[in-house]
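All remarks here apply to the structure that follows.
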Amino acid sequence: MKRILGVLALTALFGCAGRMHASSDWELLGSRRVSDRVDHDVIGVGGGRGDYRRIRVTVQRASVDFARVVVHFGNGRDQRVELRNTIPAGGERRVIDLEGNDRVIHSIEFWYDANTMRGRQAQVRVFGLH
């Protein structure tokens with residue numbers, strides 16, 4: 001019985017370590033604080049950071065209502081991302097696959113507002129995966 005528990009504990013430990021390593025592959029591209037009024041922000045990424053295959057959006061401190069998101073690439077193309085929903089505080093949007101072959105991100109543009117009170121702000125962070 002002790003041997004089985006030991007094996008299960010090691011399996012859980014290595015499983016967590018693998019997930020931690022996989023999540024560390026995500027690079028923070030930028031973050032913005034969001035107030036409770038309709039807001040428009042741009043996160044500049046720059047071409048020197050390379051080509052990305054995917055992005056994901058996380059939210060902290062308060063939920064955020066997203067109206068529109070547009071990824072602008074270095075080659076002049078744009079990709080509209082449908083995020084017409086609310087991401088709760090502590091939550092994240094599913095992984096977004098970027099289209100095309102030349103996926104060097106120039107900037108990411110957001111239209112959103114936070115569900116906050118008393119001057120608090122939400123924080124939106126964007127991560128990229130090469």
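Within each chain, counting starts at residue 1; across the structure tokens, chains are named A, B, ... in the order shown, with ligands numbered 1 upward in that order.
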Spatial neighbours of region 126-130 of chain A, 8 Å, only C-alpha atoms, chain gap at least 5 places, as a PyMOL selection string: chain A and resi 25-31+50-58
With C-alpha atoms retained, export the selected residues as an mmCIF file, in the first residue's frame.
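Full text of result-v6.cif as output:
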```
data_model
loop_
_atom_site.group_PDB
_atom_site.id
_atom_site.type_symbol
_atom_site.label_atom_id
_atom_site.label_comp_id
_atom_site.auth_asym_id
_atom_site.auth_seq_id
_atom_site.Cartn_x
_atom_site.Cartn_y
_atom_site.Cartn_z
ATOM 1 C CA ASP A 25 6.681 28.224 -22.715
ATOM 2 C CA TRP A 26 4.045 30.987 -22.808
ATOM 3 C CA GLU A 27 5.682 34.418 -23.054
ATOM 4 C CA LEU A 28 4.019 37.507 -21.592
ATOM 5 C CA LEU A 29 3.425 39.878 -24.509
ATOM 6 C CA GLY A 30 1.939 42.666 -22.415
ATOM 7 C CA SER A 31 -0.719 43.715 -19.947
ATOM 8 C CA GLY A 50 9.502 36.557 -33.393
ATOM 9 C CA ASP A 51 6.707 34.508 -34.853
ATOM 10 C CA TYR A 52 3.837 33.275 -32.640
ATOM 11 C CA ARG A 53 1.482 30.360 -33.286
ATOM 12 C CA ARG A 54 -1.019 31.048 -30.507
ATOM 13 C CA ILE A 55 -2.070 33.637 -27.969
ATOM 14 C CA ARG A 56 -4.181 33.478 -24.807
ATOM 15 C CA VAL A 57 -5.825 36.194 -22.727
ATOM 16 C CA THR A 58 -6.068 36.102 -18.929
#
```
So that I can check the surroundings of region 74-90 of chain A, please list as a list in words every protein, DNA and RNA residue that reaches within 8 Å of it, counting only C-alpha atoms and ignoring chain neighbours fewer than 4 positions away.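 Listed by chain and then number, they are Gly46, Gly47, Thr58, Val59, Gln60, Arg61, Ala62, Ser63, Val64, Asp65, Phe66, Ala67, Arg68, Val69, Val70, Ile96, Leu98, Glu99, Asp102, Arg103, Val104, Ile105, His106 and Ala122 of chain A.
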From the list A:Arg32, A:Phe73, A:Arg37, A:Arg93, the nearest residue to Asp113 (chain A) using only C-alpha atoms is A:Arg37
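The coordinates place CA of Arg120 (chain A) at 25.9 Å from CA of Ser107 (chain A).
What separates CA of Val38 (chain A) from CA of Ala114 (chain A) is a distance of 7.9 Å.
Computed from the coordinates, the CA of Trp111 (chain A) to CA of Val34 (chain A) distance equals 10.1 Å.
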Using backbone DSSP assignments, extract all helix (DSSP H, G or I) residues from chain A; output them as a PDB file with N, CA, C and O atoms, in the first residue's frame.
```pdb
ATOM      1  N   LYS A   2       1.935   1.248   0.846  1.00  0.00           N
ATOM      2  CA  LYS A   2       2.832   2.410   0.890  1.00  0.00           C
ATOM      3  C   LYS A   2       3.518   2.612  -0.458  1.00  0.00           C
ATOM      4  O   LYS A   2       3.732   3.728  -0.902  1.00  0.00           O
ATOM      5  N   ARG A   3       3.856   1.492  -1.082  1.00  0.00           N
ATOM      6  CA  ARG A   3       4.537   1.569  -2.386  1.00  0.00           C
ATOM      7  C   ARG A   3       3.597   2.197  -3.424  1.00  0.00           C
ATOM      8  O   ARG A   3       4.006   3.035  -4.217  1.00  0.00           O
ATOM      9  N   ILE A   4       2.330   1.810  -3.419  1.00  0.00           N
ATOM     10  CA  ILE A   4       1.346   2.364  -4.359  1.00  0.00           C
ATOM     11  C   ILE A   4       1.183   3.860  -4.115  1.00  0.00           C
ATOM     12  O   ILE A   4       1.176   4.660  -5.051  1.00  0.00           O
ATOM     13  N   LEU A   5       1.067   4.258  -2.841  1.00  0.00           N
ATOM     14  CA  LEU A   5       0.935   5.685  -2.515  1.00  0.00           C
ATOM     15  C   LEU A   5       2.174   6.464  -2.953  1.00  0.00           C
ATOM     16  O   LEU A   5       2.082   7.576  -3.452  1.00  0.00           O
ATOM     17  N   GLY A   6       3.351   5.856  -2.775  1.00  0.00           N
ATOM     18  CA  GLY A   6       4.590   6.507  -3.206  1.00  0.00           C
ATOM     19  C   GLY A   6       4.628   6.695  -4.711  1.00  0.00           C
ATOM     20  O   GLY A   6       5.013   7.757  -5.212  1.00  0.00           O
ATOM     21  N   VAL A   7       4.228   5.674  -5.446  1.00  0.00           N
ATOM     22  CA  VAL A   7       4.195   5.764  -6.910  1.00  0.00           C
ATOM     23  C   VAL A   7       3.197   6.834  -7.355  1.00  0.00           C
ATOM     24  O   VAL A   7       3.475   7.640  -8.246  1.00  0.00           O
ATOM     25  N   LEU A   8       2.020   6.861  -6.714  1.00  0.00           N
ATOM     26  CA  LEU A   8       1.014   7.880  -7.052  1.00  0.00           C
ATOM     27  C   LEU A   8       1.533   9.283  -6.756  1.00  0.00           C
ATOM     28  O   LEU A   8       1.327  10.208  -7.535  1.00  0.00           O
ATOM     29  N   ALA A   9       2.221   9.447  -5.635  1.00  0.00           N
ATOM     30  CA  ALA A   9       2.768  10.759  -5.276  1.00  0.00           C
ATOM     31  C   ALA A   9       3.816  11.203  -6.294  1.00  0.00           C
ATOM     32  O   ALA A   9       3.833  12.363  -6.725  1.00  0.00           O
ATOM     33  N   LEU A  10       4.701  10.288  -6.696  1.00  0.00           N
ATOM     34  CA  LEU A  10       5.718  10.630  -7.699  1.00  0.00           C
ATOM     35  C   LEU A  10       5.082  10.956  -9.046  1.00  0.00           C
ATOM     36  O   LEU A  10       5.500  11.886  -9.737  1.00  0.00           O
ATOM     37  N   THR A  11       4.070  10.197  -9.419  1.00  0.00           N
ATOM     38  CA  THR A  11       3.371  10.465 -10.670  1.00  0.00           C
ATOM     39  C   THR A  11       2.746  11.849 -10.652  1.00  0.00           C
ATOM     40  O   THR A  11       2.849  12.608 -11.612  1.00  0.00           O
ATOM     41  N   ALA A  12       2.108  12.190  -9.549  1.00  0.00           N
ATOM     42  CA  ALA A  12       1.494  13.514  -9.420  1.00  0.00           C
ATOM     43  C   ALA A  12       2.555  14.604  -9.471  1.00  0.00           C
ATOM     44  O   ALA A  12       2.378  15.629 -10.123  1.00  0.00           O
ATOM     45  N   LEU A  13       3.681  14.383  -8.801  1.00  0.00           N
ATOM     46  CA  LEU A  13       4.761  15.368  -8.786  1.00  0.00           C
ATOM     47  C   LEU A  13       5.310  15.598 -10.188  1.00  0.00           C
ATOM     48  O   LEU A  13       5.449  16.729 -10.636  1.00  0.00           O
ATOM     49  N   PHE A  14       5.622  14.523 -10.906  1.00  0.00           N
ATOM     50  CA  PHE A  14       6.153  14.667 -12.257  1.00  0.00           C
ATOM     51  C   PHE A  14       5.116  15.230 -13.215  1.00  0.00           C
ATOM     52  O   PHE A  14       5.438  15.973 -14.122  1.00  0.00           O
ATOM     53  N   GLY A  15       3.870  14.881 -13.018  1.00  0.00           N
ATOM     54  CA  GLY A  15       2.794  15.438 -13.845  1.00  0.00           C
ATOM     55  C   GLY A  15       2.686  16.933 -13.663  1.00  0.00           C
ATOM     56  O   GLY A  15       2.553  17.689 -14.618  1.00  0.00           O
ATOM     57  N   CYS A  16       2.759  17.414 -12.413  1.00  0.00           N
ATOM     58  CA  CYS A  16       2.714  18.861 -12.148  1.00  0.00           C
ATOM     59  C   CYS A  16       3.932  19.550 -12.739  1.00  0.00           C
ATOM     60  O   CYS A  16       3.837  20.627 -13.302  1.00  0.00           O
ATOM     61  N   ALA A  17       5.089  18.925 -12.603  1.00  0.00           N
ATOM     62  CA  ALA A  17       6.304  19.526 -13.144  1.00  0.00           C
ATOM     63  C   ALA A  17       6.196  19.662 -14.657  1.00  0.00           C
ATOM     64  O   ALA A  17       6.614  20.662 -15.234  1.00  0.00           O
ATOM     65  N   GLY A  18       5.611  18.674 -15.312  1.00  0.00           N
ATOM     66  CA  GLY A  18       5.445  18.750 -16.758  1.00  0.00           C
ATOM     67  C   GLY A  18       4.515  19.875 -17.162  1.00  0.00           C
ATOM     68  O   GLY A  18       4.762  20.590 -18.113  1.00  0.00           O
ATOM     69  N   ARG A  19       3.426  20.046 -16.418  1.00  0.00           N
ATOM     70  CA  ARG A  19       2.495  21.135 -16.721  1.00  0.00           C
ATOM     71  C   ARG A  19       3.137  22.479 -16.454  1.00  0.00           C
ATOM     72  O   ARG A  19       2.943  23.431 -17.177  1.00  0.00           O
ATOM     73  N   MET A  20       3.931  22.581 -15.383  1.00  0.00           N
ATOM     74  CA  MET A  20       4.597  23.841 -15.073  1.00  0.00           C
ATOM     75  C   MET A  20       5.571  24.186 -16.190  1.00  0.00           C
ATOM     76  O   MET A  20       5.656  25.321 -16.606  1.00  0.00           O
ATOM     77  N   HIS A  21       6.298  23.207 -16.692  1.00  0.00           N
ATOM     78  CA  HIS A  21       7.235  23.457 -17.782  1.00  0.00           C
ATOM     79  C   HIS A  21       6.493  23.897 -19.036  1.00  0.00           C
ATOM     80  O   HIS A  21       6.893  24.834 -19.704  1.00  0.00           O
ATOM     81  N   ALA A  22       5.387  23.222 -19.334  1.00  0.00           N
ATOM     82  CA  ALA A  22       4.622  23.565 -20.534  1.00  0.00           C
ATOM     83  C   ALA A  22       4.076  24.982 -20.426  1.00  0.00           C
ATOM     84  O   ALA A  22       4.095  25.731 -21.391  1.00  0.00           O
ATOM     85  N   SER A  23       3.607  25.386 -19.237  1.00  0.00           N
ATOM     86  CA  SER A  23       3.052  26.733 -19.102  1.00  0.00           C
ATOM     87  C   SER A  23       4.152  27.784 -19.172  1.00  0.00           C
ATOM     88  O   SER A  23       3.895  28.918 -19.506  1.00  0.00           O
ATOM     89  N   SER A  24       5.394  27.412 -18.848  1.00  0.00           N
ATOM     90  CA  SER A  24       6.479  28.383 -18.898  1.00  0.00           C
ATOM     91  C   SER A  24       6.876  28.708 -20.338  1.00  0.00           C
ATOM     92  O   SER A  24       7.615  29.648 -20.572  1.00  0.00           O
ATOM     93  N   GLY A  47       8.162  43.317 -33.813  1.00  0.00           N
ATOM     94  CA  GLY A  47       8.591  42.197 -34.645  1.00  0.00           C
ATOM     95  C   GLY A  47       9.818  41.478 -34.157  1.00  0.00           C
ATOM     96  O   GLY A  47      10.059  40.334 -34.521  1.00  0.00           O
ATOM     97  N   GLY A  48      10.621  42.127 -33.318  1.00  0.00           N
ATOM     98  CA  GLY A  48      11.851  41.512 -32.844  1.00  0.00           C
ATOM     99  C   GLY A  48      11.623  40.325 -31.928  1.00  0.00           C
ATOM    100  O   GLY A  48      12.550  39.587 -31.611  1.00  0.00           O
ATOM    101  N   ARG A  49      10.395  40.121 -31.509  1.00  0.00           N
ATOM    102  CA  ARG A  49      10.101  39.029 -30.583  1.00  0.00           C
ATOM    103  C   ARG A  49       9.780  37.732 -31.315  1.00  0.00           C
ATOM    104  O   ARG A  49       9.589  36.700 -30.691  1.00  0.00           O
TER     105      ARG A  49
END
```
What are the DSSP strand (DSSP E or B) residues of region 61-100 of chain A, as a ChimeraX atom specification? /A:64-73,78-81,86-87,92,96-97
